[in-house]
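Structure below is run-v8.txt: compact mmCIF, C-alpha atoms and all ligand atoms.
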```txt
# COMPACT_ATOMS: atom_id res chain seq x y z
CA MET A 1 7.98 21.00 -36.47
CA LYS A 2 5.06 20.40 -34.11
CA GLU A 3 5.12 16.99 -32.43
CA GLN A 4 2.62 14.61 -34.00
CA ASN A 5 1.15 12.28 -31.41
CA TYR A 6 -2.40 11.12 -32.00
CA LEU A 7 -2.34 8.26 -29.52
CA ASP A 8 -5.49 8.17 -27.40
CA ASN A 9 -5.34 7.81 -23.61
CA LEU A 10 -8.38 5.88 -22.51
CA VAL A 11 -10.12 5.63 -19.15
CA GLY A 12 -13.77 4.98 -18.38
CA VAL A 13 -16.29 2.98 -16.40
CA PHE A 14 -17.41 -0.66 -16.52
CA GLY A 15 -20.92 -1.21 -15.21
CA GLN A 16 -24.42 -2.47 -15.85
CA PRO A 17 -26.68 -0.58 -15.95
CA VAL A 18 -24.31 2.26 -16.74
CA ALA A 19 -26.02 4.41 -19.40
CA GLU A 20 -27.11 7.01 -16.82
CA ASN A 21 -23.69 7.25 -15.14
CA PRO A 22 -22.61 10.93 -15.47
CA GLY A 23 -18.88 10.14 -15.07
CA VAL A 24 -18.16 10.90 -18.73
CA VAL A 25 -19.63 14.39 -18.48
CA ILE A 26 -17.48 15.50 -15.57
CA GLN A 27 -14.29 13.70 -16.58
CA ASP A 28 -14.35 14.85 -20.22
CA ALA A 29 -15.03 18.43 -19.08
CA ALA A 30 -12.00 18.18 -16.79
CA PHE A 31 -9.74 16.75 -19.53
CA GLN A 32 -10.75 19.56 -21.91
CA ALA A 33 -10.08 22.25 -19.32
CA MET A 34 -6.69 20.65 -18.58
CA GLY A 35 -5.80 20.71 -22.29
CA LEU A 36 -5.62 16.89 -22.34
CA GLU A 37 -7.13 16.63 -25.82
CA ARG A 38 -6.42 12.97 -26.40
CA TRP A 39 -7.73 11.73 -23.05
CA HIS A 40 -11.19 10.15 -23.32
CA PHE A 41 -13.60 8.64 -20.81
CA LEU A 42 -15.64 5.69 -22.13
CA THR A 43 -18.95 4.56 -20.63
CA LEU A 44 -18.90 0.79 -21.17
CA ASP A 45 -21.79 -1.62 -20.61
CA VAL A 46 -20.10 -4.81 -19.36
CA ASP A 47 -22.13 -7.95 -18.59
CA LYS A 48 -21.46 -9.62 -15.25
CA ASP A 49 -19.94 -12.70 -16.96
CA GLN A 50 -17.78 -10.60 -19.32
CA LEU A 51 -15.71 -8.81 -16.72
CA GLU A 52 -12.57 -10.91 -17.25
CA ASN A 53 -12.73 -10.24 -21.02
CA ALA A 54 -13.27 -6.55 -20.32
CA ILE A 55 -10.18 -6.47 -18.08
CA ASN A 56 -8.17 -8.22 -20.81
CA GLY A 57 -9.48 -5.61 -23.27
CA LEU A 58 -8.37 -2.83 -20.92
CA LYS A 59 -4.87 -4.32 -20.93
CA ALA A 60 -4.87 -4.92 -24.69
CA PHE A 61 -5.83 -1.30 -25.40
CA LYS A 62 -3.34 -0.10 -22.76
CA MET A 63 -6.16 1.87 -21.11
CA ARG A 64 -4.76 3.98 -18.27
CA GLY A 65 -7.50 2.91 -15.91
CA ILE A 66 -11.17 2.29 -15.28
CA ASN A 67 -13.91 2.93 -12.77
CA CYS A 68 -16.04 -0.03 -11.72
CA THR A 69 -19.63 0.31 -10.64
CA ILE A 70 -22.51 -2.10 -10.00
CA PRO A 71 -22.17 -5.14 -10.38
CA HIS A 72 -18.35 -5.25 -10.70
CA LYS A 73 -16.99 -3.53 -7.58
CA ILE A 74 -16.33 -6.77 -5.70
CA SER A 75 -15.77 -9.32 -8.48
CA VAL A 76 -13.10 -7.16 -10.16
CA MET A 77 -10.78 -7.60 -7.18
CA GLN A 78 -9.70 -11.09 -8.33
CA TYR A 79 -8.08 -9.62 -11.48
CA LEU A 80 -5.92 -7.03 -9.73
CA ASP A 81 -2.21 -7.21 -8.84
CA GLU A 82 -2.47 -4.88 -5.84
CA ILE A 83 -5.31 -3.43 -3.79
CA SER A 84 -5.08 -0.47 -1.38
CA GLU A 85 -5.42 -1.22 2.32
CA SER A 86 -8.66 0.75 2.68
CA ALA A 87 -10.22 -0.88 -0.42
CA LYS A 88 -9.37 -4.27 1.11
CA LEU A 89 -11.16 -3.29 4.33
CA ILE A 90 -14.13 -1.87 2.43
CA GLY A 91 -14.17 -5.06 0.35
CA ALA A 92 -14.75 -3.22 -2.93
CA VAL A 93 -12.78 -1.42 -5.65
CA ASN A 94 -14.28 1.40 -7.71
CA MET A 95 -11.19 2.56 -9.60
CA ILE A 96 -8.18 0.90 -11.19
CA VAL A 97 -4.87 2.31 -12.36
CA ASN A 98 -3.07 0.39 -15.12
CA ASP A 99 0.71 0.80 -14.80
CA ASN A 100 2.11 -0.97 -17.87
CA GLY A 101 -0.15 -3.99 -17.39
CA ARG A 102 0.05 -4.03 -13.59
CA LEU A 103 -3.38 -3.27 -12.13
CA PHE A 104 -3.79 -1.36 -8.85
CA GLY A 105 -7.25 -1.15 -7.25
CA GLU A 106 -8.48 1.68 -5.03
CA ASN A 107 -11.80 2.74 -3.52
CA THR A 108 -12.25 6.48 -4.04
CA ASP A 109 -15.90 6.69 -2.82
CA GLY A 110 -14.95 7.13 0.84
CA LYS A 111 -11.96 9.30 -0.09
CA GLY A 112 -14.22 11.62 -2.14
CA PHE A 113 -16.45 11.85 0.93
CA MET A 114 -13.49 12.79 3.15
CA MET A 115 -12.31 15.38 0.61
CA SER A 116 -15.80 16.89 0.52
CA LEU A 117 -15.78 17.20 4.32
CA ALA A 118 -12.27 18.67 4.29
CA SER A 119 -13.21 21.25 1.64
CA ASN A 120 -15.94 22.38 4.06
CA GLY A 121 -13.44 22.65 6.90
CA VAL A 122 -14.67 19.49 8.67
CA GLU A 123 -12.14 17.14 10.32
CA VAL A 124 -13.52 13.88 11.71
CA ALA A 125 -10.66 12.92 14.06
CA GLY A 126 -12.04 12.65 17.61
CA LYS A 127 -15.60 13.46 16.42
CA LYS A 128 -19.00 11.80 16.94
CA THR A 129 -20.94 10.78 13.83
CA VAL A 130 -24.25 9.23 12.80
CA VAL A 131 -24.36 7.37 9.47
CA PHE A 132 -27.66 6.36 7.87
CA GLY A 133 -27.36 3.26 5.66
CA ALA A 134 -25.11 0.20 5.71
CA GLY A 135 -24.62 -0.46 1.97
CA GLY A 136 -21.53 0.06 -0.21
CA ALA A 137 -21.33 3.83 0.21
CA ALA A 138 -21.80 3.63 4.00
CA ARG A 139 -19.08 0.99 4.21
CA ALA A 140 -16.56 3.10 2.28
CA ILE A 141 -17.42 6.18 4.36
CA CYS A 142 -17.25 4.42 7.74
CA VAL A 143 -13.92 2.74 6.92
CA GLU A 144 -12.33 6.04 5.79
CA MET A 145 -13.67 7.89 8.84
CA GLY A 146 -12.46 5.06 11.09
CA LEU A 147 -8.97 5.16 9.55
CA ALA A 148 -8.97 8.97 9.97
CA GLY A 149 -9.54 8.57 13.74
CA VAL A 150 -13.24 9.33 14.15
CA ALA A 151 -14.14 8.70 17.82
CA ASP A 152 -17.65 7.34 17.48
CA ILE A 153 -19.97 6.07 14.72
CA THR A 154 -23.64 5.20 15.13
CA ILE A 155 -24.85 3.22 12.12
CA VAL A 156 -28.60 3.48 11.54
CA ASN A 157 -30.21 1.18 8.99
CA ARG A 158 -33.45 -0.66 8.31
CA ALA A 159 -33.69 -3.82 10.38
CA GLN A 160 -33.77 -6.11 7.35
CA ASP A 161 -30.06 -5.54 6.75
CA ARG A 162 -28.78 -6.07 10.24
CA PRO A 163 -26.09 -8.57 9.01
CA LEU A 164 -24.64 -5.81 6.76
CA GLY A 165 -24.47 -3.41 9.70
CA ASP A 166 -22.97 -6.06 11.97
CA ALA A 167 -20.31 -6.90 9.36
CA LEU A 168 -19.40 -3.22 9.08
CA MET A 169 -19.10 -2.87 12.86
CA ASP A 170 -16.87 -5.95 12.90
CA ILE A 171 -14.53 -4.31 10.34
CA LEU A 172 -14.39 -1.08 12.36
CA ARG A 173 -13.76 -2.85 15.67
CA LYS A 174 -10.98 -5.03 14.26
CA ASN A 175 -9.18 -2.30 12.30
CA THR A 176 -9.83 1.03 13.99
CA LYS A 177 -10.16 2.50 17.47
CA THR A 178 -13.64 3.86 16.68
CA GLU A 179 -16.48 3.20 19.12
CA CYS A 180 -19.45 1.98 17.10
CA ARG A 181 -22.98 0.71 17.47
CA TYR A 182 -25.81 -0.35 15.20
CA ILE A 183 -29.38 0.88 15.62
CA ASP A 184 -32.45 -0.40 13.76
CA TRP A 185 -34.17 2.40 11.82
CA ASP A 186 -37.84 1.89 12.57
CA GLY A 187 -39.23 5.42 12.92
CA PRO A 188 -38.14 9.07 12.78
CA PHE A 189 -34.56 8.92 14.11
CA SER A 190 -33.52 11.59 16.58
CA ILE A 191 -29.86 12.65 16.27
CA PRO A 192 -28.23 12.42 19.71
CA GLU A 193 -26.97 15.67 21.22
CA GLY A 194 -23.22 16.08 20.89
CA THR A 195 -23.16 14.58 17.38
CA ASP A 196 -20.72 16.43 15.09
CA VAL A 197 -21.35 14.92 11.64
CA VAL A 198 -24.55 13.40 10.19
CA VAL A 199 -24.30 11.38 6.96
CA ASN A 200 -27.10 10.26 4.68
CA ALA A 201 -25.47 7.24 3.01
CA THR A 202 -28.76 5.75 1.81
CA SER A 203 -30.28 6.08 -1.65
CA VAL A 204 -33.26 8.03 -0.23
CA GLY A 205 -33.83 11.11 -2.42
CA LEU A 206 -32.08 9.69 -5.49
CA TYR A 207 -33.59 10.56 -8.91
CA PRO A 208 -36.43 9.96 -9.79
CA ASP A 209 -37.66 9.86 -6.17
CA VAL A 210 -36.49 13.43 -5.65
CA ASP A 211 -39.00 14.46 -2.96
CA ALA A 212 -38.10 11.59 -0.61
CA MET A 213 -36.43 12.54 2.68
CA PRO A 214 -34.59 10.24 5.09
CA ASN A 215 -36.82 9.51 8.09
CA ILE A 216 -34.99 11.77 10.56
CA ASP A 217 -36.42 14.05 13.27
CA LEU A 218 -35.18 17.21 11.55
CA ASP A 219 -35.52 19.32 14.70
CA SER A 220 -32.84 17.14 16.33
CA ILE A 221 -30.26 18.39 13.78
CA LYS A 222 -28.53 21.46 15.24
CA PRO A 223 -26.41 24.20 13.60
CA THR A 224 -23.40 22.84 15.52
CA MET A 225 -23.60 19.68 13.37
CA PHE A 226 -22.44 19.15 9.78
CA VAL A 227 -24.65 17.20 7.38
CA GLN A 228 -23.20 15.38 4.36
CA ASP A 229 -25.42 13.71 1.75
CA VAL A 230 -24.19 11.06 -0.73
CA ILE A 231 -26.85 11.46 -3.43
CA PRO A 232 -25.26 13.02 -6.54
CA ASN A 233 -28.47 13.21 -8.62
CA PRO A 234 -30.19 15.63 -8.12
CA THR A 235 -27.15 17.74 -7.28
CA GLU A 236 -29.14 19.12 -4.32
CA THR A 237 -31.58 16.73 -2.59
CA ALA A 238 -34.75 17.75 -0.74
CA PHE A 239 -32.86 16.87 2.48
CA ILE A 240 -29.97 19.24 1.75
CA ARG A 241 -32.38 21.97 0.61
CA GLU A 242 -34.16 21.66 3.96
CA MET A 243 -30.84 21.76 5.84
CA ARG A 244 -29.88 24.97 4.02
CA ARG A 245 -33.30 26.49 4.80
CA ARG A 246 -32.68 25.73 8.48
CA GLY A 247 -29.16 27.17 8.46
CA ILE A 248 -27.46 23.81 9.09
CA PRO A 249 -23.94 23.56 7.59
CA CYS A 250 -24.08 20.85 4.92
CA ALA A 251 -22.65 19.45 1.67
CA THR A 252 -24.19 17.62 -1.26
CA GLY A 253 -23.41 14.19 -2.69
CA ALA A 254 -22.48 15.98 -5.92
CA GLY A 255 -19.52 17.47 -4.05
CA MET A 256 -18.48 13.99 -2.95
CA LEU A 257 -18.82 12.69 -6.53
CA ILE A 258 -16.74 15.55 -7.98
CA ASN A 259 -14.00 15.02 -5.38
CA GLN A 260 -13.99 11.29 -6.09
CA ALA A 261 -13.75 11.90 -9.84
CA ALA A 262 -11.01 14.51 -9.32
CA LEU A 263 -9.00 11.98 -7.35
CA ASN A 264 -9.41 9.42 -10.14
CA ILE A 265 -8.11 11.95 -12.69
CA GLU A 266 -5.17 12.82 -10.49
CA MET A 267 -4.25 9.15 -10.09
CA TRP A 268 -4.54 8.52 -13.84
CA THR A 269 -2.90 11.68 -15.22
CA GLY A 270 -0.74 12.91 -12.34
CA GLN A 271 -2.41 16.33 -12.67
CA LYS A 272 -5.05 18.12 -10.57
CA PRO A 273 -8.28 18.97 -12.44
CA ASP A 274 -10.43 22.09 -11.98
CA LYS A 275 -13.30 20.92 -9.74
CA ASP A 276 -15.47 23.98 -10.53
CA VAL A 277 -15.44 23.06 -14.22
CA MET A 278 -16.45 19.50 -13.30
CA TYR A 279 -19.27 20.68 -11.04
CA GLN A 280 -20.65 23.03 -13.69
CA ALA A 281 -20.60 20.20 -16.26
CA LEU A 282 -22.52 17.95 -13.85
CA GLU A 283 -25.15 20.61 -13.10
CA LYS A 284 -25.61 21.28 -16.80
CA ALA A 285 -25.97 17.55 -17.57
CA LEU A 286 -28.48 16.92 -14.79
CA GLY A 287 -30.39 20.08 -15.67
CA ASP A 288 -30.71 21.24 -12.03
P1 LIG A 301 -26.57 0.06 -1.57
O1 LIG A 301 -27.70 -0.52 -2.35
O2 LIG A 301 -25.37 -0.76 -1.25
O3 LIG A 301 -27.14 0.63 -0.16
C1 LIG A 301 -28.30 1.44 -0.13
C2 LIG A 301 -28.56 1.84 1.31
O4 LIG A 301 -29.71 2.71 1.33
C3 LIG A 301 -28.92 0.66 2.22
O5 LIG A 301 -28.42 0.89 3.50
C4 LIG A 301 -30.44 0.69 2.18
O6 LIG A 301 -31.04 0.09 3.30
C5 LIG A 301 -30.68 2.17 2.22
N1 LIG A 301 -32.02 2.50 1.76
C6 LIG A 301 -32.52 2.41 0.51
N2 LIG A 301 -33.81 2.83 0.49
C7 LIG A 301 -34.12 3.20 1.76
C8 LIG A 301 -35.29 3.73 2.39
N3 LIG A 301 -36.41 3.96 1.69
N4 LIG A 301 -35.25 3.99 3.71
C9 LIG A 301 -34.12 3.77 4.42
N5 LIG A 301 -32.99 3.25 3.89
C10 LIG A 301 -32.98 2.98 2.57
O7 LIG A 301 -26.17 1.37 -2.36
P2 LIG A 301 -24.81 2.23 -2.21
O8 LIG A 301 -24.45 2.24 -0.77
O9 LIG A 301 -23.83 1.78 -3.21
O10 LIG A 301 -25.33 3.66 -2.67
C11 LIG A 301 -26.15 4.45 -1.81
C12 LIG A 301 -26.27 5.82 -2.41
O11 LIG A 301 -24.97 6.41 -2.43
C13 LIG A 301 -26.77 5.85 -3.85
O12 LIG A 301 -27.74 6.87 -3.95
C14 LIG A 301 -25.55 6.23 -4.68
O13 LIG A 301 -25.91 7.02 -5.79
C15 LIG A 301 -24.77 7.05 -3.67
N6 LIG A 301 -23.33 7.07 -3.94
C16 LIG A 301 -22.78 8.30 -4.13
C17 LIG A 301 -21.44 8.42 -4.39
C18 LIG A 301 -20.89 9.78 -4.61
O14 LIG A 301 -19.71 9.89 -5.01
N7 LIG A 301 -21.63 10.84 -4.34
C19 LIG A 301 -20.54 7.25 -4.44
C20 LIG A 301 -21.23 6.00 -4.18
C21 LIG A 301 -22.57 5.93 -3.95
P3 LIG A 301 -31.41 -1.47 3.28
O15 LIG A 301 -30.11 -2.15 3.56
O16 LIG A 301 -32.38 -1.60 4.38
O17 LIG A 301 -31.97 -1.77 1.93
```
Since I need it in another form, could you write the structure as structure tokens?
Amino acid sequence: MKEQNYLDNLVGVFGQPVAENPGVVIQDAAFQAMGLERWHFLTLDVDKDQLENAINGLKAFKMRGINCTIPHKISVMQYLDEISESAKLIGAVNMIVNDNGRLFGENTDGKGFMMSLASNGVEVAGKKTVVFGAGGAARAICVEMGLAGVADITIVNRAQDRPLGDALMDILRKNTKTECRYIDWDGPFSIPEGTDVVVNATSVGLYPDVDAMPNIDLDSIKPTMFVQDVIPNPTETAFIREMRRRGIPCATGAGMLINQAALNIEMWTGQKPDKDVMYQALEKALGD
């Protein structure tokens, strides 16, 4: 007789606002393709002051794990039993694994970024990089690159957030061997010769502002460099379109998002999902 097991395996995302988060689309597509019929991804609107109750709910329902997005990435850390070393350095957790009530926190944003680079044949060890932005995504990316042995990071951000940039440099200097500096972004930025990897880790170009481009002297970006964007929506930004037109090797933020989500699935289920299926589901959902 066929085994009868109708128990649901739940994962999802806690956030606010969260209604436009496309996580469910890519994760459910992956579960279906993997034949994991009773795995479901829930998009859950959790108020800032309800996070502790939400975490208790996660334990009560024996959910296998959860993603955390704005505004919970930092505050959730107090409810966890263990946090990965890189998430501690980044100072934020975006995914949790629930092992029989014991909660482990990880930050897969920077790891998704590194996987995206690797899938394009780019290794950062010993390389020179320029990162635009100093927010959460930039922090995760710089810490992962620092831990992977990147030689040099120039962080470029608007002057108003100098303390954020300084804090990030402090983390890199104390925990990695990376040379780093912070430059105020007050005009078209020219990428220094000899740079290997250029990262747009700002929200410039994010839907609905889809024609916006980071203020970079585009002629200073050479075909010897690799450009990685973080924006997942649209799946191809105006910046990446322009890079492709100019023959500059590059990768989209959608690739980073898919890799991040694939890593989440692997940590929750122990199985590797089909990233092509996930990418197609994202493109279909965003209507690109
Ligand atoms: P934050 O709000 O923490 O940081 C935003 C950054 O963008 C800041 O450095 C900010 O500069 C900069 N910025 C915003 N507008 C401008 C502008 N007009 N000109 C120059 N700089 C600007 O956000 P996150 O770091 O969390 O997210 C950044 C982007 O990364 C988002 O678009 C998000 O969707 C994406 N992301 C993608 C992921 C993926 O898997 N693909 C994962 C995580 C994030 P300032 O400090 O001066 O305001």
What does the list of residues within 8 Å of ligand LIG 301 (chain A) look like if you count all atoms listed in the file, written as a PyMOL selection string?
chain A and resi 70+109-110+112-113+132-139+157-162+164+185+201-206+214-215+229-233+252-261
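Note that the spacing between atom CA of A:Gly165 and atom CA of A:Glu179 amounts to 14.0 Å.
Among the candidate residues A:Ser86, A:Ser190, A:Thr108, A:Ser116, the one lying nearest to A:Leu172 is A:Ser86, with distances computed using all atoms listed in the file.
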Work out how far apart atom CA of A:Asp47 and atom CA of A:Leu282 are and give it in Å to one decimal.
26.3 Å
Contacts of A:Gly101 at 12 Å (all atoms listed in the file; same-chain gap of 4+ positions) as a list in words
Ile55, Asn56, Gly57, Leu58, Lys59, Ala60, Phe61, Lys62, Met63, Arg64, Gly65, Tyr79, Leu80, Asp81, Glu82, Ile96 and Val97 of chain A
Tell me which protein, DNA and RNA residues are within 8 Å of A:Ile183, counting all atoms listed in the file, leaving out same-chain ones fewer than 3 positions away, and put them as a VMD selection string.
chain A and resid 154 to 157
Atom CA of A:Val198 to atom CA of A:Asp186: how many Å, to one decimal?
17.7 Å
Would you mind listing what lies within 9 Å of stretch 18-21 of chain A as a PDB file with C-alpha atoms, in the frame of the given file, with all atoms listed in the file counted and same-chain residues fewer than 2 positions away left out?
```pdb
ATOM      1  CA  VAL A  13     -16.290   2.980 -16.400  1.00  0.00           C
ATOM      2  CA  PHE A  14     -17.410  -0.660 -16.520  1.00  0.00           C
ATOM      3  CA  GLY A  15     -20.920  -1.210 -15.210  1.00  0.00           C
ATOM      4  CA  GLN A  16     -24.420  -2.470 -15.850  1.00  0.00           C
ATOM      5  CA  GLY A  23     -18.880  10.140 -15.070  1.00  0.00           C
ATOM      6  CA  VAL A  24     -18.160  10.900 -18.730  1.00  0.00           C
ATOM      7  CA  VAL A  25     -19.630  14.390 -18.480  1.00  0.00           C
ATOM      8  CA  THR A  43     -18.950   4.560 -20.630  1.00  0.00           C
ATOM      9  CA  LEU A  44     -18.900   0.790 -21.170  1.00  0.00           C
ATOM     10  CA  ASP A  45     -21.790  -1.620 -20.610  1.00  0.00           C
ATOM     11  CA  VAL A  46     -20.100  -4.810 -19.360  1.00  0.00           C
ATOM     12  CA  THR A  69     -19.630   0.310 -10.640  1.00  0.00           C
ATOM     13  CA  ILE A  70     -22.510  -2.100 -10.000  1.00  0.00           C
TER      14      ILE A  70
END
```
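Among the candidates A:Asn264, A:Asn9, A:Asn53, A:Gln280, the one nearest to A:Asn94 when counting all atoms listed in the file is A:Asn264.
Closest to A:Lys275 among A:Met115, A:Lys174, A:Asn100, A:Ile248 is A:Met115, based on only C-alpha atoms.
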Repair of stretch 251-268 of chain A at the level of N, CA, C and O atoms, as an mmCIF file, in the coordinates of the input:
```
data_model
loop_
_atom_site.group_PDB
_atom_site.id
_atom_site.type_symbol
_atom_site.label_atom_id
_atom_site.label_comp_id
_atom_site.auth_asym_id
_atom_site.auth_seq_id
_atom_site.Cartn_x
_atom_site.Cartn_y
_atom_site.Cartn_z
ATOM 1 N N ALA A 251 -23.258 19.616 3.004
ATOM 2 C CA ALA A 251 -22.650 19.450 1.670
ATOM 3 C C ALA A 251 -23.398 18.373 0.907
ATOM 4 O O ALA A 251 -23.918 17.416 1.499
ATOM 5 N N THR A 252 -23.415 18.530 -0.400
ATOM 6 C CA THR A 252 -24.190 17.620 -1.260
ATOM 7 C C THR A 252 -23.363 16.398 -1.670
ATOM 8 O O THR A 252 -22.137 16.401 -1.610
ATOM 9 N N GLY A 253 -24.070 15.372 -2.145
ATOM 10 C CA GLY A 253 -23.410 14.190 -2.690
ATOM 11 C C GLY A 253 -22.709 14.506 -4.005
ATOM 12 O O GLY A 253 -21.782 13.793 -4.411
ATOM 13 N N ALA A 254 -23.161 15.580 -4.680
ATOM 14 C CA ALA A 254 -22.480 15.980 -5.920
ATOM 15 C C ALA A 254 -21.044 16.395 -5.601
ATOM 16 O O ALA A 254 -20.109 16.081 -6.351
ATOM 17 N N GLY A 255 -20.866 17.074 -4.471
ATOM 18 C CA GLY A 255 -19.520 17.470 -4.050
ATOM 19 C C GLY A 255 -18.638 16.251 -3.815
ATOM 20 O O GLY A 255 -17.465 16.218 -4.201
ATOM 21 N N MET A 256 -19.223 15.233 -3.208
ATOM 22 C CA MET A 256 -18.480 13.990 -2.950
ATOM 23 C C MET A 256 -18.104 13.311 -4.284
ATOM 24 O O MET A 256 -16.976 12.854 -4.472
ATOM 25 N N LEU A 257 -19.068 13.314 -5.222
ATOM 26 C CA LEU A 257 -18.820 12.690 -6.530
ATOM 27 C C LEU A 257 -17.700 13.408 -7.285
ATOM 28 O O LEU A 257 -16.805 12.780 -7.862
ATOM 29 N N ILE A 258 -17.748 14.757 -7.259
ATOM 30 C CA ILE A 258 -16.740 15.550 -7.980
ATOM 31 C C ILE A 258 -15.352 15.289 -7.361
ATOM 32 O O ILE A 258 -14.355 15.098 -8.071
ATOM 33 N N ASN A 259 -15.292 15.267 -6.037
ATOM 34 C CA ASN A 259 -14.000 15.020 -5.380
ATOM 35 C C ASN A 259 -13.464 13.640 -5.708
ATOM 36 O O ASN A 259 -12.266 13.451 -5.927
ATOM 37 N N GLN A 260 -14.373 12.669 -5.754
ATOM 38 C CA GLN A 260 -13.990 11.290 -6.090
ATOM 39 C C GLN A 260 -13.445 11.236 -7.522
ATOM 40 O O GLN A 260 -12.391 10.646 -7.787
ATOM 41 N N ALA A 261 -14.169 11.904 -8.434
ATOM 42 C CA ALA A 261 -13.750 11.900 -9.840
ATOM 43 C C ALA A 261 -12.425 12.650 -10.007
ATOM 44 O O ALA A 261 -11.563 12.258 -10.805
ATOM 45 N N ALA A 262 -12.262 13.735 -9.235
ATOM 46 C CA ALA A 262 -11.010 14.510 -9.320
ATOM 47 C C ALA A 262 -9.828 13.661 -8.864
ATOM 48 O O ALA A 262 -8.734 13.720 -9.457
ATOM 49 N N LEU A 263 -10.061 12.868 -7.839
ATOM 50 C CA LEU A 263 -9.000 11.980 -7.350
ATOM 51 C C LEU A 263 -8.645 10.929 -8.402
ATOM 52 O O LEU A 263 -7.467 10.621 -8.631
ATOM 53 N N ASN A 264 -9.661 10.385 -9.057
ATOM 54 C CA ASN A 264 -9.410 9.420 -10.140
ATOM 55 C C ASN A 264 -8.511 10.051 -11.211
ATOM 56 O O ASN A 264 -7.519 9.458 -11.644
ATOM 57 N N ILE A 265 -8.875 11.271 -11.630
ATOM 58 C CA ILE A 265 -8.110 11.950 -12.690
ATOM 59 C C ILE A 265 -6.673 12.171 -12.250
ATOM 60 O O ILE A 265 -5.723 11.944 -13.010
ATOM 61 N N GLU A 266 -6.516 12.565 -10.998
ATOM 62 C CA GLU A 266 -5.170 12.820 -10.490
ATOM 63 C C GLU A 266 -4.342 11.523 -10.495
ATOM 64 O O GLU A 266 -3.157 11.526 -10.839
ATOM 65 N N MET A 267 -4.975 10.422 -10.119
ATOM 66 C CA MET A 267 -4.250 9.150 -10.090
ATOM 67 C C MET A 267 -3.940 8.643 -11.494
ATOM 68 O O MET A 267 -2.955 7.964 -11.721
ATOM 69 N N TRP A 268 -4.789 8.966 -12.457
ATOM 70 C CA TRP A 268 -4.540 8.520 -13.840
ATOM 71 C C TRP A 268 -3.552 9.413 -14.579
ATOM 72 O O TRP A 268 -2.702 8.932 -15.306
#
```
